[in-house]
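J.: my_file_9.txt is reproduced below (compact mmCIF, N, CA and C atoms).
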# COMPACT_ATOMS: atom_id res chain seq x y z
N ARG A 1 -19.62 20.42 10.14
CA ARG A 1 -19.13 19.90 8.87
C ARG A 1 -18.08 18.83 9.13
N VAL A 2 -18.18 17.78 8.35
CA VAL A 2 -17.23 16.67 8.46
C VAL A 2 -16.07 16.92 7.49
N PRO A 3 -14.83 16.81 7.96
CA PRO A 3 -13.70 16.98 7.05
C PRO A 3 -13.75 15.93 5.94
N MET A 4 -13.29 16.30 4.75
CA MET A 4 -13.38 15.43 3.59
C MET A 4 -12.66 14.10 3.81
N LYS A 5 -11.49 14.14 4.40
CA LYS A 5 -10.74 12.89 4.62
C LYS A 5 -11.52 11.94 5.53
N GLN A 6 -12.20 12.49 6.52
CA GLN A 6 -13.00 11.66 7.42
C GLN A 6 -14.23 11.12 6.68
N ALA A 7 -14.84 11.93 5.82
CA ALA A 7 -16.00 11.48 5.06
C ALA A 7 -15.63 10.34 4.12
N VAL A 8 -14.49 10.47 3.45
CA VAL A 8 -14.04 9.41 2.54
C VAL A 8 -13.77 8.14 3.32
N GLY A 9 -13.08 8.26 4.44
CA GLY A 9 -12.78 7.09 5.26
C GLY A 9 -14.04 6.41 5.77
N THR A 10 -15.00 7.20 6.21
CA THR A 10 -16.26 6.65 6.70
C THR A 10 -17.01 5.94 5.58
N SER A 11 -17.04 6.55 4.41
CA SER A 11 -17.71 5.95 3.26
C SER A 11 -17.07 4.61 2.90
N LEU A 12 -15.76 4.58 2.88
CA LEU A 12 -15.07 3.33 2.54
C LEU A 12 -15.29 2.26 3.60
N LEU A 13 -15.40 2.66 4.86
CA LEU A 13 -15.70 1.70 5.92
C LEU A 13 -17.09 1.09 5.72
N VAL A 14 -18.06 1.91 5.38
CA VAL A 14 -19.42 1.42 5.13
C VAL A 14 -19.42 0.46 3.95
N ILE A 15 -18.70 0.82 2.89
CA ILE A 15 -18.61 -0.05 1.71
C ILE A 15 -17.97 -1.39 2.10
N ALA A 16 -16.91 -1.34 2.89
CA ALA A 16 -16.23 -2.58 3.31
C ALA A 16 -17.16 -3.46 4.15
N MET A 17 -17.90 -2.85 5.07
CA MET A 17 -18.83 -3.64 5.90
C MET A 17 -19.94 -4.24 5.05
N ASN A 18 -20.45 -3.49 4.09
CA ASN A 18 -21.49 -3.99 3.21
C ASN A 18 -20.96 -5.15 2.37
N SER A 19 -19.76 -5.00 1.84
CA SER A 19 -19.15 -6.06 1.04
C SER A 19 -18.92 -7.32 1.88
N PHE A 20 -18.45 -7.13 3.10
CA PHE A 20 -18.19 -8.28 3.97
C PHE A 20 -19.48 -9.01 4.33
N SER A 21 -20.55 -8.27 4.57
CA SER A 21 -21.82 -8.93 4.89
C SER A 21 -22.34 -9.70 3.68
N GLY A 22 -22.16 -9.15 2.48
CA GLY A 22 -22.54 -9.88 1.27
C GLY A 22 -21.70 -11.13 1.09
N PHE A 23 -20.41 -11.02 1.38
CA PHE A 23 -19.52 -12.17 1.30
C PHE A 23 -19.97 -13.27 2.26
N LEU A 24 -20.30 -12.90 3.49
CA LEU A 24 -20.75 -13.89 4.47
C LEU A 24 -22.02 -14.60 4.00
N GLY A 25 -22.87 -13.89 3.27
CA GLY A 25 -24.08 -14.50 2.75
C GLY A 25 -23.81 -15.56 1.70
N TYR A 26 -22.67 -15.47 1.02
CA TYR A 26 -22.33 -16.43 -0.03
C TYR A 26 -21.49 -17.60 0.47
N VAL A 27 -20.82 -17.44 1.60
CA VAL A 27 -19.97 -18.52 2.11
C VAL A 27 -20.83 -19.76 2.36
N GLY A 28 -20.42 -20.87 1.80
CA GLY A 28 -21.15 -22.12 1.97
C GLY A 28 -22.22 -22.34 0.93
N ARG A 29 -22.63 -21.31 0.21
CA ARG A 29 -23.67 -21.45 -0.82
C ARG A 29 -23.08 -21.64 -2.22
N VAL A 30 -21.99 -20.96 -2.47
CA VAL A 30 -21.36 -21.03 -3.79
C VAL A 30 -19.87 -21.29 -3.60
N GLU A 31 -19.24 -21.75 -4.68
CA GLU A 31 -17.79 -21.94 -4.64
C GLU A 31 -17.12 -20.58 -4.79
N ILE A 32 -16.28 -20.25 -3.86
CA ILE A 32 -15.62 -18.95 -3.86
C ILE A 32 -14.23 -19.11 -4.46
N PRO A 33 -13.90 -18.30 -5.47
CA PRO A 33 -12.56 -18.37 -6.06
C PRO A 33 -11.53 -17.69 -5.14
N TRP A 34 -10.99 -18.46 -4.21
CA TRP A 34 -10.12 -17.90 -3.18
C TRP A 34 -8.89 -17.23 -3.75
N GLY A 35 -8.34 -17.78 -4.83
CA GLY A 35 -7.16 -17.16 -5.45
C GLY A 35 -7.47 -15.77 -5.97
N LEU A 36 -8.60 -15.64 -6.64
CA LEU A 36 -9.02 -14.34 -7.16
C LEU A 36 -9.30 -13.37 -6.02
N MET A 37 -9.93 -13.89 -4.97
CA MET A 37 -10.22 -13.04 -3.82
C MET A 37 -8.92 -12.57 -3.16
N ALA A 38 -7.94 -13.44 -3.07
CA ALA A 38 -6.65 -13.06 -2.50
C ALA A 38 -5.98 -11.99 -3.35
N LEU A 39 -6.07 -12.13 -4.68
CA LEU A 39 -5.49 -11.14 -5.58
C LEU A 39 -6.14 -9.77 -5.38
N PHE A 40 -7.48 -9.74 -5.33
CA PHE A 40 -8.18 -8.47 -5.13
C PHE A 40 -7.86 -7.88 -3.76
N THR A 41 -7.73 -8.73 -2.75
CA THR A 41 -7.37 -8.24 -1.42
C THR A 41 -5.98 -7.61 -1.43
N PHE A 42 -5.04 -8.27 -2.10
CA PHE A 42 -3.69 -7.73 -2.22
C PHE A 42 -3.69 -6.38 -2.93
N ILE A 43 -4.43 -6.29 -4.04
CA ILE A 43 -4.52 -5.04 -4.79
C ILE A 43 -5.16 -3.94 -3.94
N ALA A 44 -6.19 -4.30 -3.18
CA ALA A 44 -6.86 -3.32 -2.32
C ALA A 44 -5.92 -2.80 -1.24
N ILE A 45 -5.17 -3.69 -0.63
CA ILE A 45 -4.23 -3.27 0.42
C ILE A 45 -3.15 -2.38 -0.17
N ALA A 46 -2.65 -2.74 -1.36
CA ALA A 46 -1.66 -1.89 -2.02
C ALA A 46 -2.25 -0.52 -2.32
N GLY A 47 -3.50 -0.48 -2.77
CA GLY A 47 -4.17 0.79 -3.04
C GLY A 47 -4.33 1.64 -1.79
N ILE A 48 -4.62 0.99 -0.68
CA ILE A 48 -4.74 1.71 0.60
C ILE A 48 -3.40 2.35 0.96
N LEU A 49 -2.34 1.58 0.84
CA LEU A 49 -1.02 2.10 1.20
C LEU A 49 -0.60 3.25 0.29
N VAL A 50 -0.80 3.10 -1.01
CA VAL A 50 -0.46 4.17 -1.95
C VAL A 50 -1.34 5.39 -1.71
N GLY A 51 -2.65 5.16 -1.54
CA GLY A 51 -3.57 6.27 -1.31
C GLY A 51 -3.27 7.03 -0.04
N THR A 52 -2.91 6.30 1.02
CA THR A 52 -2.56 6.95 2.28
C THR A 52 -1.35 7.86 2.11
N HIS A 53 -0.42 7.44 1.29
CA HIS A 53 0.77 8.27 1.03
C HIS A 53 0.42 9.47 0.14
N LEU A 54 -0.35 9.23 -0.92
CA LEU A 54 -0.65 10.30 -1.87
C LEU A 54 -1.59 11.37 -1.33
N VAL A 55 -2.45 11.01 -0.37
CA VAL A 55 -3.43 11.97 0.14
C VAL A 55 -2.74 13.16 0.83
N ARG A 56 -1.52 12.97 1.25
CA ARG A 56 -0.77 14.07 1.87
C ARG A 56 -0.48 15.19 0.89
N PHE A 57 -0.47 14.86 -0.39
CA PHE A 57 -0.11 15.83 -1.43
C PHE A 57 -1.30 16.37 -2.20
N VAL A 58 -2.51 15.95 -1.83
CA VAL A 58 -3.72 16.34 -2.56
C VAL A 58 -4.50 17.35 -1.72
N SER A 59 -4.94 18.42 -2.36
CA SER A 59 -5.70 19.45 -1.64
C SER A 59 -7.11 18.95 -1.32
N GLN A 60 -7.73 19.56 -0.34
CA GLN A 60 -9.12 19.22 0.01
C GLN A 60 -10.03 19.42 -1.20
N TRP A 61 -9.81 20.49 -1.95
CA TRP A 61 -10.65 20.79 -3.11
C TRP A 61 -10.56 19.66 -4.13
N ALA A 62 -9.34 19.22 -4.45
CA ALA A 62 -9.17 18.15 -5.44
C ALA A 62 -9.75 16.84 -4.92
N LEU A 63 -9.58 16.57 -3.64
CA LEU A 63 -10.12 15.35 -3.06
C LEU A 63 -11.64 15.34 -3.12
N LYS A 64 -12.27 16.48 -2.83
CA LYS A 64 -13.73 16.57 -2.92
C LYS A 64 -14.21 16.32 -4.33
N ARG A 65 -13.54 16.92 -5.31
CA ARG A 65 -13.94 16.74 -6.71
C ARG A 65 -13.76 15.29 -7.16
N ALA A 66 -12.65 14.69 -6.80
CA ALA A 66 -12.40 13.30 -7.18
C ALA A 66 -13.41 12.37 -6.53
N PHE A 67 -13.73 12.60 -5.26
CA PHE A 67 -14.69 11.76 -4.56
C PHE A 67 -16.08 11.93 -5.16
N ALA A 68 -16.45 13.15 -5.50
CA ALA A 68 -17.75 13.40 -6.14
C ALA A 68 -17.82 12.68 -7.48
N ALA A 69 -16.76 12.75 -8.26
CA ALA A 69 -16.73 12.07 -9.56
C ALA A 69 -16.85 10.56 -9.37
N PHE A 70 -16.17 10.02 -8.37
CA PHE A 70 -16.25 8.60 -8.07
C PHE A 70 -17.69 8.20 -7.74
N LEU A 71 -18.36 8.99 -6.91
CA LEU A 71 -19.74 8.68 -6.54
C LEU A 71 -20.68 8.73 -7.74
N VAL A 72 -20.49 9.71 -8.62
CA VAL A 72 -21.32 9.82 -9.82
C VAL A 72 -21.11 8.60 -10.72
N VAL A 73 -19.86 8.23 -10.93
CA VAL A 73 -19.55 7.08 -11.79
C VAL A 73 -20.13 5.80 -11.19
N MET A 74 -19.95 5.59 -9.90
CA MET A 74 -20.49 4.39 -9.26
C MET A 74 -22.01 4.37 -9.30
N GLY A 75 -22.64 5.51 -9.08
CA GLY A 75 -24.10 5.58 -9.17
C GLY A 75 -24.58 5.25 -10.57
N ALA A 76 -23.92 5.79 -11.58
CA ALA A 76 -24.29 5.51 -12.97
C ALA A 76 -24.10 4.03 -13.29
N LEU A 77 -23.02 3.44 -12.80
CA LEU A 77 -22.77 2.02 -13.04
C LEU A 77 -23.85 1.16 -12.39
N ILE A 78 -24.23 1.48 -11.18
CA ILE A 78 -25.28 0.73 -10.49
C ILE A 78 -26.61 0.86 -11.23
N LEU A 79 -26.94 2.06 -11.66
CA LEU A 79 -28.17 2.25 -12.43
C LEU A 79 -28.13 1.46 -13.73
N TYR A 80 -27.00 1.47 -14.41
CA TYR A 80 -26.87 0.74 -15.67
C TYR A 80 -27.02 -0.77 -15.45
N GLN A 81 -26.39 -1.28 -14.40
CA GLN A 81 -26.46 -2.71 -14.12
C GLN A 81 -27.87 -3.15 -13.72
N ASN A 82 -28.66 -2.24 -13.19
CA ASN A 82 -30.01 -2.57 -12.74
C ASN A 82 -31.08 -1.98 -13.65
N ARG A 83 -30.72 -1.64 -14.87
CA ARG A 83 -31.65 -0.98 -15.78
C ARG A 83 -32.87 -1.84 -16.10
N SER A 84 -32.75 -3.16 -16.02
CA SER A 84 -33.89 -4.02 -16.36
C SER A 84 -34.97 -3.99 -15.29
N VAL A 85 -34.63 -3.64 -14.06
CA VAL A 85 -35.62 -3.62 -12.98
C VAL A 85 -36.15 -2.23 -12.69
N LEU A 86 -35.59 -1.23 -13.37
CA LEU A 86 -36.03 0.14 -13.11
C LEU A 86 -37.28 0.47 -13.88
Rewrite the coordinates I just gave you, this time as structure tokens.
T.:
Amino acid sequence: RVPMKQAVGTSLLVIAMNSFSGFLGYVGRVEIPWGLMALFTFIAIAGILVGTHLVRFVSQWALKRAFAAFLVVMGALILYQNRSVL
């Protein structure tokens, strides 16, 4: 069994790599709003720092439930956004 904290970290790493590969596919093809990207990067880094601090106070049970809810919401959002091709 993989500890929940390790599973969350691994999942986020996969998401980051997927996002970065998508970003590389767009570089040179479209105009990238660098200011907006910098803002999102700053917010993400702040979230990482806050999350790293807060995870010390969250139980494994609560973390599992929150992560499961996040996955359900993201899955529903992806299905909704792609409803025309389903």
J.: Would you list the residues near (-11.1, 15.8, 1.0), meaning any protein, DNA or RNA residue with an atom at most 6 Å from that point in file coordinates, counting all atoms listed in the file, as a PyMOL selection string?
T.: chain A and resi 3-5+59-61+63-64
J.: Write out as a count of residues only all residues of chain A that backbone DSSP assigns to alpha helix (DSSP H).
T.: 66
J.: Would you work out the distance separating atom N of Tyr26 of chain A from atom CA of Leu49 of chain A, expressed in Å to one decimal?
T.: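 Those two atoms sit 27.9 Å apart.
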J.: Between A:Val8, A:Ile48, A:Val55, A:Leu39, which has the minimum distance to Phe67 of chain A (counting only N, CA and C atoms)?
T.: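 Among A:Val8, A:Ile48, A:Val55, A:Leu39, it is A:Val8 that comes nearest to Phe67 of chain A.
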J.: Kindly give the distance, in Å, that separates atom C of Ala44 of chain A and atom C of Ala16 of chain A, rounded to a single decimal.
T.: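 These atoms are spaced 12.5 Å apart.
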J.: What does the distance from atom C of Leu12 of chain A to atom CA of Gly47 of chain A come to in Å, to one decimal?
T.: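 Between atom C of Leu12 of chain A and atom CA of Gly47 of chain A the gap works out to 13.0 Å.
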